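Reproduced below: entry01.csv, with CSV, C-alpha atoms.
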chain,number,residue,atom,x,y,z
A,7,MET,CA,-5.0,46.6,-81.1
A,8,VAL,CA,-3.7,43.6,-82.9
A,9,GLY,CA,-1.7,41.7,-80.2
A,10,VAL,CA,-2.2,41.1,-76.5
A,11,ALA,CA,-0.5,38.9,-73.9
A,12,LEU,CA,0.3,38.3,-70.3
A,13,SER,CA,3.6,37.1,-68.9
A,14,ASP,CA,3.7,34.5,-66.3
A,15,CYS,CA,1.8,36.0,-63.4
A,16,GLY,CA,1.0,35.3,-59.7
A,17,ARG,CA,4.0,33.8,-57.9
A,18,VAL,CA,7.1,34.2,-60.2
A,19,PRO,CA,10.0,34.2,-57.7
A,20,ASP,CA,12.8,33.6,-60.3
A,21,ALA,CA,11.9,36.4,-62.7
A,22,THR,CA,13.1,40.0,-63.0
A,23,PRO,CA,11.0,42.9,-64.2
A,24,TYR,CA,13.0,42.9,-67.4
A,25,THR,CA,12.3,39.2,-68.1
A,26,LEU,CA,8.6,39.7,-67.5
A,27,HIS,CA,8.6,42.7,-69.9
A,28,ALA,CA,10.3,40.5,-72.5
A,29,GLN,CA,8.0,37.5,-72.0
A,30,ALA,CA,4.9,39.6,-72.4
A,31,ALA,CA,6.3,41.4,-75.4
A,32,ARG,CA,7.3,38.2,-77.2
A,33,ARG,CA,3.9,36.7,-76.6
A,34,ALA,CA,2.0,39.8,-77.8
A,35,LEU,CA,4.1,39.9,-81.0
A,36,ALA,CA,3.4,36.2,-81.5
A,37,ASP,CA,-0.3,36.8,-80.9
A,38,ALA,CA,-0.4,39.5,-83.6
A,39,GLY,CA,1.9,37.6,-86.0
A,40,LEU,CA,4.0,40.7,-86.6
A,41,ASP,CA,7.8,40.7,-86.6
A,42,ARG,CA,9.6,42.7,-84.0
A,43,ALA,CA,11.3,44.8,-86.7
A,44,ARG,CA,7.9,46.4,-87.5
A,45,VAL,CA,7.7,47.9,-84.0
A,46,ASP,CA,8.8,51.6,-84.1
A,47,GLY,CA,7.1,52.8,-81.0
A,48,LEU,CA,7.4,51.9,-77.3
A,49,ALA,CA,5.3,53.0,-74.2
A,50,SER,CA,6.3,51.8,-70.8
A,51,ALA,CA,6.2,53.0,-67.2
A,52,GLY,CA,6.4,51.2,-63.9
A,53,LEU,CA,7.5,50.9,-60.3
A,54,GLY,CA,11.1,51.4,-59.6
A,55,THR,CA,13.7,52.6,-62.0
A,56,LEU,CA,13.0,50.9,-65.3
A,57,ALA,CA,13.2,53.7,-67.9
A,58,PRO,CA,11.8,53.2,-71.4
A,59,VAL,CA,15.3,53.5,-72.8
A,60,GLU,CA,16.4,50.5,-70.7
A,61,VAL,CA,13.3,48.5,-71.6
A,62,ALA,CA,13.8,49.3,-75.3
A,63,GLU,CA,17.4,48.1,-75.2
A,64,TYR,CA,16.5,44.9,-73.3
A,65,LEU,CA,13.8,44.1,-75.9
A,66,GLY,CA,16.1,44.8,-78.8
A,67,LEU,CA,14.0,47.8,-80.0
A,68,ARG,CA,15.1,51.1,-81.4
A,69,PRO,CA,11.9,53.1,-81.3
A,70,THR,CA,11.4,56.4,-83.1
A,71,TRP,CA,8.4,57.2,-80.9
A,72,VAL,CA,8.4,56.7,-77.1
A,73,ASP,CA,6.1,57.5,-74.2
A,74,SER,CA,6.5,57.0,-70.4
A,75,THR,CA,3.6,59.0,-69.0
A,76,SER,CA,3.7,58.4,-65.3
A,77,VAL,CA,0.2,58.9,-63.8
A,78,GLY,CA,0.1,55.7,-61.8
A,79,GLY,CA,-2.2,52.7,-62.7
A,80,SER,CA,-4.0,54.6,-65.4
A,81,ALA,CA,-0.8,55.2,-67.4
A,82,TRP,CA,-1.5,52.5,-70.0
A,83,GLU,CA,-5.0,53.8,-70.9
A,84,VAL,CA,-3.4,57.3,-71.3
A,85,MET,CA,-0.5,55.9,-73.3
A,86,ALA,CA,-2.8,53.9,-75.5
A,87,ALA,CA,-4.6,57.1,-76.3
A,88,HIS,CA,-1.2,58.8,-77.1
A,89,ALA,CA,-0.1,55.9,-79.2
A,90,ALA,CA,-3.4,55.9,-81.2
A,91,ASP,CA,-2.9,59.6,-81.8
A,92,ALA,CA,0.7,59.1,-82.9
A,93,ILE,CA,-0.3,56.3,-85.3
A,94,ALA,CA,-3.1,58.5,-86.8
A,95,ALA,CA,-0.6,61.3,-87.3
A,96,GLY,CA,1.9,59.1,-89.0
A,97,HIS,CA,4.5,59.4,-86.3
A,98,ALA,CA,4.5,55.6,-85.6
A,99,ASN,CA,3.3,52.4,-87.4
A,100,ALA,CA,3.3,49.9,-84.5
A,101,VAL,CA,3.5,50.8,-80.9
A,102,LEU,CA,4.2,48.3,-78.1
A,103,LEU,CA,2.8,49.0,-74.6
A,104,VAL,CA,4.5,46.8,-72.1
A,105,TYR,CA,4.8,46.4,-68.3
A,106,GLY,CA,6.4,44.0,-65.9
A,107,SER,CA,6.9,43.9,-62.1
A,108,THR,CA,8.0,41.5,-59.4
A,109,ALA,CA,6.0,43.4,-56.7
A,110,ARG,CA,5.3,40.2,-54.8
A,111,ALA,CA,8.7,38.6,-55.1
A,112,ASP,CA,10.3,41.8,-53.9
A,113,VAL,CA,8.3,41.9,-50.7
A,114,LYS,CA,8.9,38.2,-50.0
A,115,ALA,CA,12.7,38.9,-50.4
A,116,GLY,CA,12.6,42.0,-48.2
A,117,ARG,CA,13.4,44.3,-51.1
A,118,ARG,CA,10.4,46.5,-50.8
A,119,THR,CA,8.2,47.9,-48.0
A,120,GLY,CA,4.7,49.2,-48.2
A,121,ASN,CA,4.1,52.5,-49.8
A,122,LEU,CA,3.6,55.5,-47.5
A,123,SER,CA,3.1,57.5,-50.6
A,124,PHE,CA,4.3,57.9,-54.2
A,125,GLY,CA,6.7,60.4,-52.7
A,126,ALA,CA,7.3,62.6,-49.7
A,127,ARG,CA,8.2,65.8,-51.3
A,128,GLY,CA,6.1,68.8,-52.3
A,129,PRO,CA,2.5,68.8,-51.1
A,130,LEU,CA,2.7,65.2,-49.9
A,131,GLN,CA,5.2,66.2,-47.2
A,132,PHE,CA,2.3,67.4,-45.1
A,133,GLU,CA,0.5,64.0,-45.2
A,134,VAL,CA,3.2,61.4,-45.1
A,135,PRO,CA,4.6,62.2,-41.5
A,136,TYR,CA,1.1,61.4,-40.1
A,137,GLY,CA,1.1,57.9,-41.6
A,138,HIS,CA,-1.5,58.9,-44.2
A,139,THR,CA,-0.7,55.9,-46.4
A,140,LEU,CA,-2.1,55.1,-49.8
A,141,ILE,CA,-4.7,52.7,-48.5
A,142,ALA,CA,-5.8,55.2,-45.9
A,143,LYS,CA,-6.6,57.7,-48.6
A,144,TYR,CA,-8.9,55.2,-50.3
A,145,ALA,CA,-10.4,54.3,-47.0
A,146,MET,CA,-11.2,57.9,-46.3
A,147,ALA,CA,-12.9,58.3,-49.7
A,148,ALA,CA,-15.0,55.1,-49.2
A,149,ARG,CA,-16.1,56.3,-45.7
A,150,ARG,CA,-17.2,59.7,-47.2
A,151,HIS,CA,-19.3,57.9,-49.8
A,152,MET,CA,-20.9,55.8,-47.0
A,153,ILE,CA,-21.7,59.0,-45.1
A,154,GLU,CA,-23.0,60.9,-48.1
A,155,TYR,CA,-25.1,58.2,-49.7
A,156,GLY,CA,-25.7,55.4,-47.2
A,157,THR,CA,-23.4,53.0,-49.0
A,158,THR,CA,-22.8,49.9,-46.8
A,159,VAL,CA,-19.8,47.8,-46.1
A,160,GLU,CA,-21.8,44.8,-47.2
A,161,GLN,CA,-22.4,46.5,-50.6
A,162,LEU,CA,-18.6,47.1,-51.0
A,163,ALA,CA,-18.0,43.5,-50.0
A,164,GLN,CA,-20.2,42.4,-52.9
A,165,VAL,CA,-17.6,43.8,-55.3
A,166,ALA,CA,-15.0,41.4,-53.9
A,167,VAL,CA,-17.4,38.5,-53.9
A,168,GLN,CA,-18.3,39.0,-57.6
A,169,ALA,CA,-14.7,39.6,-58.6
A,170,ARG,CA,-13.8,36.2,-57.0
A,171,ALA,CA,-16.7,34.5,-58.8
A,172,ASN,CA,-15.4,35.8,-62.1
A,173,ALA,CA,-11.8,34.7,-61.2
A,174,ALA,CA,-13.1,31.2,-60.6
A,175,LEU,CA,-13.6,31.0,-64.4
A,176,ASN,CA,-10.1,32.2,-65.2
A,177,PRO,CA,-7.3,29.6,-65.0
A,178,GLU,CA,-4.7,32.4,-64.8
A,179,ALA,CA,-6.2,34.0,-61.7
A,180,MET,CA,-4.2,33.9,-58.6
A,181,TYR,CA,-7.1,33.2,-56.3
A,182,ARG,CA,-10.2,31.2,-57.4
A,183,ASP,CA,-11.9,29.8,-54.3
A,184,PRO,CA,-15.3,31.4,-53.7
A,185,VAL,CA,-15.8,34.0,-51.0
A,186,THR,CA,-18.9,35.3,-49.3
A,187,VAL,CA,-19.8,38.7,-47.9
A,188,ASP,CA,-19.3,37.2,-44.4
A,189,ASP,CA,-15.8,36.1,-45.4
A,190,VAL,CA,-15.0,39.7,-46.6
A,191,LEU,CA,-16.4,41.3,-43.4
A,192,SER,CA,-14.7,38.9,-41.0
A,193,GLY,CA,-11.2,39.4,-42.4
A,194,PRO,CA,-8.5,41.4,-40.6
A,195,MET,CA,-9.0,45.1,-40.7
A,196,ILE,CA,-6.5,47.0,-42.8
A,197,ALA,CA,-7.9,50.5,-42.9
A,198,ASP,CA,-11.5,51.2,-41.9
A,199,PRO,CA,-13.8,50.2,-43.6
A,200,PHE,CA,-11.5,47.9,-45.6
A,201,THR,CA,-10.7,44.4,-44.4
A,202,LYS,CA,-8.2,42.3,-46.3
A,203,LEU,CA,-10.5,41.1,-49.0
A,204,HIS,CA,-11.5,44.7,-49.8
A,205,CYS,CA,-7.9,45.2,-51.0
A,206,CYS,CA,-6.1,44.0,-54.1
A,207,LEU,CA,-3.7,41.2,-53.9
A,208,ARG,CA,0.0,41.6,-54.6
A,209,SER,CA,1.5,39.5,-57.4
A,210,ASP,CA,4.2,39.3,-59.9
A,211,GLY,CA,3.5,39.7,-63.6
A,212,GLY,CA,3.6,41.6,-66.9
A,213,ALA,CA,1.4,42.4,-69.8
A,214,ALA,CA,1.8,43.8,-73.3
A,215,VAL,CA,-0.5,45.3,-76.0
A,216,LEU,CA,0.5,45.9,-79.6
A,217,LEU,CA,-1.2,48.8,-81.5
A,218,ALA,CA,-0.7,49.0,-85.3
A,219,ALA,CA,-1.8,51.3,-88.1
A,220,GLU,CA,-4.8,50.1,-90.1
A,221,GLU,CA,-2.6,49.0,-93.1
A,222,PHE,CA,-0.9,46.5,-90.9
A,223,VAL,CA,-4.1,44.7,-90.0
A,224,ARG,CA,-4.1,42.5,-93.0
A,225,ASP,CA,-0.7,41.2,-92.0
A,226,CYS,CA,-1.9,40.1,-88.6
A,227,ARG,CA,-3.2,36.7,-87.6
A,228,THR,CA,-5.8,38.2,-85.2
A,229,SER,CA,-9.0,40.2,-85.7
A,230,PRO,CA,-8.4,43.9,-84.8
A,231,VAL,CA,-9.9,45.6,-81.9
A,232,TRP,CA,-10.4,49.3,-82.6
A,233,ILE,CA,-9.9,52.3,-80.3
A,234,LEU,CA,-13.0,54.3,-80.7
A,235,GLY,CA,-12.6,57.0,-78.1
A,236,THR,CA,-10.4,58.0,-75.2
A,237,GLY,CA,-10.3,60.4,-72.4
A,238,GLU,CA,-7.8,61.3,-69.7
A,239,HIS,CA,-7.9,63.5,-66.6
A,240,VAL,CA,-5.6,64.4,-63.7
A,241,SER,CA,-7.4,65.6,-60.6
A,242,HIS,CA,-5.1,66.1,-57.6
A,243,ALA,CA,-2.2,64.9,-55.6
A,244,ALA,CA,-2.8,66.1,-52.0
A,245,MET,CA,-6.0,65.0,-50.4
A,246,SER,CA,-6.7,68.6,-49.5
A,247,GLU,CA,-6.9,69.5,-53.2
A,248,TRP,CA,-9.5,66.8,-53.9
A,249,PRO,CA,-12.8,68.7,-53.9
A,250,ASP,CA,-15.1,65.7,-53.6
A,251,PHE,CA,-14.0,62.3,-52.2
A,252,THR,CA,-17.1,60.7,-53.8
A,253,ARG,CA,-16.2,61.8,-57.4
A,254,SER,CA,-13.3,60.3,-59.2
A,255,PRO,CA,-11.5,61.7,-62.3
A,256,ALA,CA,-13.2,59.0,-64.3
A,257,ALA,CA,-16.2,61.3,-64.4
A,258,VAL,CA,-14.2,63.5,-66.8
A,259,SER,CA,-12.2,60.9,-68.7
A,260,GLY,CA,-15.3,58.7,-69.2
A,261,ARG,CA,-17.4,61.6,-70.5
A,262,LEU,CA,-14.7,62.5,-73.0
A,263,ALA,CA,-14.1,58.9,-74.1
A,264,PHE,CA,-17.8,58.1,-74.7
A,265,ALA,CA,-18.4,61.4,-76.5
A,266,ARG,CA,-15.4,60.9,-78.8
A,267,ALA,CA,-16.5,57.3,-79.5
A,268,GLY,CA,-20.1,58.4,-80.2
A,269,VAL,CA,-21.6,55.9,-77.8
A,270,THR,CA,-23.2,55.9,-74.3
A,271,PRO,CA,-22.7,53.7,-71.3
A,272,ALA,CA,-26.0,51.9,-72.2
A,273,ASP,CA,-24.3,50.7,-75.4
A,274,ILE,CA,-21.4,49.0,-73.5
A,275,ASP,CA,-21.3,45.2,-73.1
A,276,PHE,CA,-18.7,45.0,-70.4
A,277,ALA,CA,-16.3,47.1,-68.3
A,278,GLN,CA,-12.7,46.5,-67.1
A,279,LEU,CA,-12.1,48.8,-64.2
A,280,TYR,CA,-9.1,49.4,-62.0
A,281,ASP,CA,-9.9,47.8,-58.6
A,282,ALA,CA,-7.1,48.2,-56.1
A,283,PHE,CA,-10.0,48.4,-53.6
A,284,THR,CA,-13.6,47.6,-53.7
A,285,TYR,CA,-14.6,51.2,-53.5
A,286,MET,CA,-12.8,52.0,-56.7
A,287,THR,CA,-15.1,49.7,-58.7
A,288,LEU,CA,-18.2,51.2,-57.1
A,289,VAL,CA,-17.4,54.8,-57.6
A,290,THR,CA,-16.0,54.3,-61.1
A,291,LEU,CA,-19.2,52.7,-62.2
A,292,GLU,CA,-21.0,55.8,-61.0
A,293,ASP,CA,-18.6,58.2,-62.6
A,294,LEU,CA,-18.6,56.5,-66.0
A,295,GLY,CA,-22.4,56.8,-66.0
A,296,PHE,CA,-23.5,53.1,-65.5
A,297,CYS,CA,-25.6,54.3,-62.5
A,298,ALA,CA,-26.3,57.6,-60.9
A,299,LYS,CA,-24.1,59.2,-58.2
A,300,GLY,CA,-24.8,57.6,-54.9
A,301,GLU,CA,-26.5,54.5,-56.4
A,302,GLY,CA,-23.4,52.4,-56.8
A,303,GLY,CA,-24.1,50.4,-53.7
A,304,ALA,CA,-27.5,49.3,-54.9
A,305,PHE,CA,-26.1,48.7,-58.4
A,306,VAL,CA,-23.4,46.2,-57.3
A,307,GLU,CA,-25.3,44.3,-54.7
A,308,LYS,CA,-27.6,42.6,-57.3
A,309,GLY,CA,-25.0,40.5,-59.0
A,310,ARG,CA,-24.7,42.8,-62.0
A,311,LEU,CA,-20.9,42.5,-62.2
A,312,LEU,CA,-20.9,38.7,-62.8
A,313,VAL,CA,-19.7,37.0,-66.0
A,314,ARG,CA,-22.5,34.5,-65.6
A,315,GLY,CA,-25.8,36.4,-65.5
A,316,GLY,CA,-24.6,39.9,-64.8
A,317,GLU,CA,-26.2,42.8,-66.6
A,318,LEU,CA,-22.8,44.5,-66.9
A,319,PRO,CA,-19.9,42.1,-66.4
A,320,VAL,CA,-17.0,43.9,-64.7
A,321,ASN,CA,-13.4,42.7,-64.4
A,322,THR,CA,-14.2,39.5,-66.1
A,323,ASP,CA,-10.8,38.0,-65.3
A,324,GLY,CA,-11.2,38.5,-61.6
A,325,GLY,CA,-9.5,41.9,-61.5
A,326,GLY,CA,-6.9,43.2,-59.1
A,327,LEU,CA,-8.9,41.8,-56.2
A,328,SER,CA,-8.5,38.2,-57.3
A,329,ALA,CA,-6.6,37.7,-60.6
A,330,GLN,CA,-3.4,39.6,-60.4
A,331,HIS,CA,-2.1,43.0,-59.3
A,332,PRO,CA,1.7,43.5,-59.9
A,333,GLY,CA,2.0,47.0,-58.5
A,334,MET,CA,0.1,48.7,-61.3
A,335,ARG,CA,-2.6,47.1,-63.4
A,336,GLY,CA,-3.8,49.4,-66.1
A,337,LEU,CA,-2.4,47.4,-69.0
A,338,PHE,CA,-4.1,44.2,-67.8
A,339,LEU,CA,-7.5,45.9,-68.3
A,340,LEU,CA,-6.7,46.4,-72.0
A,341,VAL,CA,-5.5,42.8,-72.4
A,342,GLU,CA,-8.7,41.4,-70.9
A,343,ALA,CA,-10.9,43.7,-72.9
A,344,VAL,CA,-9.3,42.7,-76.2
A,345,ARG,CA,-9.7,39.0,-75.3
A,346,GLN,CA,-13.4,39.4,-74.6
A,347,LEU,CA,-14.0,41.3,-77.9
A,348,ARG,CA,-12.1,38.6,-79.9
A,349,GLY,CA,-14.0,35.8,-78.2
A,350,GLU,CA,-10.9,34.4,-76.6
A,351,ALA,CA,-11.7,34.4,-72.9
A,352,GLY,CA,-12.5,30.8,-72.5
A,353,ARG,CA,-15.0,29.9,-69.7
A,354,ARG,CA,-15.3,33.5,-68.7
A,355,GLN,CA,-16.3,34.6,-72.2
A,356,ILE,CA,-19.3,36.9,-72.0
A,357,ARG,CA,-22.1,37.3,-74.6
A,358,ALA,CA,-23.8,40.4,-75.8
A,359,ARG,CA,-27.5,40.9,-75.4
A,360,ASP,CA,-28.2,39.2,-78.7
A,361,GLY,CA,-26.2,36.1,-77.8
A,362,GLY,CA,-23.2,36.9,-79.9
A,363,LEU,CA,-19.8,38.2,-79.0
A,364,PRO,CA,-19.7,41.6,-77.3
A,365,ARG,CA,-19.1,44.5,-79.7
A,366,LEU,CA,-18.3,47.3,-77.3
A,367,GLY,CA,-16.3,47.4,-74.1
A,368,VAL,CA,-14.6,50.0,-71.9
A,369,ALA,CA,-11.4,49.9,-69.9
A,370,SER,CA,-10.9,52.6,-67.3
A,371,GLY,CA,-7.7,52.9,-65.3
A,372,THR,CA,-7.2,54.9,-62.1
A,373,GLY,CA,-3.9,56.1,-60.8
A,374,GLY,CA,-2.7,57.2,-57.3
A,375,TRP,CA,-5.5,57.7,-54.9
A,376,PHE,CA,-8.0,58.7,-57.6
A,377,CYS,CA,-5.4,61.2,-58.8
A,378,SER,CA,-5.7,60.4,-62.5
A,379,SER,CA,-7.9,58.4,-64.9
A,380,GLY,CA,-7.7,57.1,-68.4
A,381,THR,CA,-10.7,55.7,-70.2
A,382,VAL,CA,-10.7,53.8,-73.5
A,383,VAL,CA,-13.7,52.7,-75.5
A,384,LEU,CA,-13.0,49.6,-77.6
A,385,GLY,CA,-15.0,47.9,-80.3
A,386,ARG,CA,-14.7,45.2,-83.0
A,387,ASP,CA,-15.8,44.9,-86.6

Write the structure described by the file as structure tokens, please.
Amino acid sequence: MVGVALSDCGRVPDATPYTLHAQAARRALADAGLDRARVDGLASAGLGTLAPVEVAEYLGLRPTWVDSTSVGGSAWEVMAAHAADAIAAGHANAVLLVYGSTARADVKAGRRTGNLSFGARGPLQFEVPYGHTLIAKYAMAARRHMIEYGTTVEQLAQVAVQARANAALNPEAMYRDPVTVDDVLSGPMIADPFTKLHCCLRSDGGAAVLLAAEEFVRDCRTSPVWILGTGEHVSHAAMSEWPDFTRSPAAVSGRLAFARAGVTPADIDFAQLYDAFTYMTLVTLEDLGFCAKGEGGAFVEKGRLLVRGGELPVNTDGGGLSAQHPGMRGLFLLVEAVRQLRGEAGRRQIRARDGGLPRLGVASGTGGWFCSSGTVVLGRD
């Protein structure tokens, strides 16, 4: 990974998804110092009807390798793995991963309503008529974890509190004012046990990451961040086909990624985890192996996720709970991971155990209602 960038994020009422794609792409290319003509691969996916062929044309690209894997919010971790494989096989030299969405502006303008589901056909037709919305699926899973392992709503609230504390150090975060556990618990109920602050915000925004073959590294202005190992897994679509609500597909994608990288969770300096809801962070920590199954509540309540003083800083930019969440957020995890490894995170920059810059990080995206997962282990020279 040689170039990363965000577009304008948060409240961007005058932008279109295309312009956010272009803004992020231009900035990522500038970050890398590579000319657009070098890019021969494109990976994009998103809400709505933006097809990669349309994105490519808008960006002035004519790629000879393309990917549009659609597995929800984990798509960019999965596509990063595919791009790395394509580069290693000589099928591409430089691949641009890009995303842009006006999810917030669309709602404000009345152009979009809340998701009942990703669709209402096939197996999902048996859930949608009963109002089994996306958030309800996550809420059911969280409640099952509480029943099975005694996890408390206060422990879940700690995830939101620590995400906001990290966001306070990020000038690009949408919400930076501190919150307390009481603030989280006293908010309006959205889907039991989730109150408002248990849920991700809705923003506009885009992101881009440029991957390049090793021989291009010397032409870049940035220090490279290497993809050391990846894993992906698709679990289910219908809730009836999910065998265990307390186990996410990250249990498989993480195991594969760590094994292929030749490292363990104990070696990792930080984690960027998809956090559409507080429970996602907690269960993903368990399934990646940072704590045992059922111990996520105790793990998060001790401030371990904080940039300042945390044993395992998580979502160092504030995550989807406080920084930005424009519909799908998987690509933003990779941007923040690269910035941390390059030492470019400003006030939220973390340090390794020896006081230097972090050497290893993990980004793990989740799609749907724990339907899919993509995990990427990243490292620097």

Nearest candidate to A:Glu133 (options A:Ala243, A:Ala11, A:Cys297, A:Val269; using only C-alpha atoms):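 Closest to A:Glu133 of all the choices is A:Ala243.
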
If you take all atoms listed in the file and a cut-off of 7 Å, which residues of stretch 142-242 of chain A touch stretch 375-383 of chain A, and what are their nearest atom pairs and distances in Å to one decimal, in chain and number order, as a tab-separated table?
residue	atom	partner	partner_atom	distance
A:Lys143	CA	A:Trp375	CA	6.4
A:Tyr144	CA	A:Trp375	CA	6.2
A:Ile233	CA	A:Val383	CA	6.1
A:Leu234	CA	A:Val383	CA	5.5
A:Gly235	CA	A:Val383	CA	5.1
A:Thr236	CA	A:Val382	CA	4.5
A:Gly237	CA	A:Thr381	CA	5.2
A:Glu238	CA	A:Gly380	CA	4.4
A:His239	CA	A:Ser379	CA	5.4
A:Val240	CA	A:Ser378	CA	4.2
A:Ser241	CA	A:Cys377	CA	5.2
A:His242	CA	A:Cys377	CA	5.1

Neighbourhood query: residues within 8 Å of (-6.3, 34.1, -59.9), file coordinates, counting only C-alpha atoms; return as a short mmCIF file (atom, residue, chain, number, x, y, z; two decimals) with C-alpha atoms, in the frame of the given file.
data_model
loop_
_atom_site.label_atom_id
_atom_site.label_comp_id
_atom_site.auth_asym_id
_atom_site.auth_seq_id
_atom_site.Cartn_x
_atom_site.Cartn_y
_atom_site.Cartn_z
CA GLY A 16 1.00 35.30 -59.70
CA ALA A 173 -11.80 34.70 -61.20
CA ALA A 174 -13.10 31.20 -60.60
CA ASN A 176 -10.10 32.20 -65.20
CA PRO A 177 -7.30 29.60 -65.00
CA GLU A 178 -4.70 32.40 -64.80
CA ALA A 179 -6.20 34.00 -61.70
CA MET A 180 -4.20 33.90 -58.60
CA TYR A 181 -7.10 33.20 -56.30
CA ARG A 182 -10.20 31.20 -57.40
CA GLY A 324 -11.20 38.50 -61.60
CA SER A 328 -8.50 38.20 -57.30
CA ALA A 329 -6.60 37.70 -60.60
CA GLN A 330 -3.40 39.60 -60.40
#

Pick from A:Asn99, A:Ser259, A:Ser370, A:Ser107, whichever lies nearest to A:Pro332 using all atoms listed in the file: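 Ranked by minimum distance to A:Pro332, first place goes to A:Ser107.
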
Which of A:Ala81, A:Cys226, A:Ala86, A:Val190 sits closest to A:Gly373 [using all atoms listed in the file]: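 Counting all atoms listed in the file, the residue closest to A:Gly373 is A:Ala81.
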
Top pick for closest residue to A:Phe283, considering A:Cys205, A:Ala257, A:Val231, A:Ala265 and counting only C-alpha atoms: A:Cys205

Distance query A:Leu67 at most 9 Å, all atoms listed in the file, self and fewer than 6 positions along chain excluded, as a ChimeraX atom specification: /A:42-43,45-48,61
